[in-house]
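First the structure, in the form of structure tokens, and then the observations on it.
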Amino acid sequence: MKKIISICLILLSVVSLTAFATSAVSTPPKNTEPPVSYNVRFGFKHLDGSLSTTGYTDSPGFTATNTNTGSDFECQLGSSPLGVYLPYQLPGTINNLPAGTYEFNVLRGQGNWTGYGNVIATLSPEMIGPDGYVTIYIPIAWEE
């Protein structure tokens, strides 16, 4: 009987101690993965070095071509109330562009009054501005 009482007391002690044991506080894992898509806004880098994301352009839009997959994305600018073909109103945006490296270009305008360069960029979280957009400035190579 003493053995049974001793075993019961030992078991009771073990159960009591584990009931008061505290579990370690776990912190949720930090999300270290980059966003899977980006909101991209387009603007121009003018010949004098100034940057703009508003105003009018002779271009009807912008393109983004993924350099790894070849997937094309396009942004069509709306015509201003001033005319059917010219000018088009900035800004241009592509929302939810998948992560990756892209070649960004400008669609040629109706009158070809401006020549544009291109930009190759890998979208990254560091590029996101306070408003949630990555801004890509396409260089203007020449203007008439």
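For the structure tokens, the naming scheme is as follows: chains receive sequential letters (A, B, ...) according to their order of presentation, residues are indexed from 1 within each chain, and ligands are indexed from 1 in presentation order.
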
### Message
Quick one: residues within 12 Å of range 120-123 of chain A, only C-alpha atoms, excluding same-chain residues fewer than 6 positions away - as a PyMOL selection string?
### Response
chain A and resi 34-40+63-68+96-105+133-139

## Note on the structure
Restricting to only C-alpha atoms, whichever of A:Thr69, A:Tyr56, A:Ile94, A:Thr114 is closest to Trp142 in chain A is A:Thr114

### Task
Looking only at strand (DSSP E or B) from DSSP on the backbone, list the matching residues of range 44-111 of chain A as a ChimeraX atom specification.
/A:44-45,51-52,55-57,61-66,72-76,79,88-90,92-98,101-106

### Query
Which distance in Å separates CA of Gly43 in chain A and CA of Gly92 in chain A, to one decimal?
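Those two atoms sit 7.3 Å apart.
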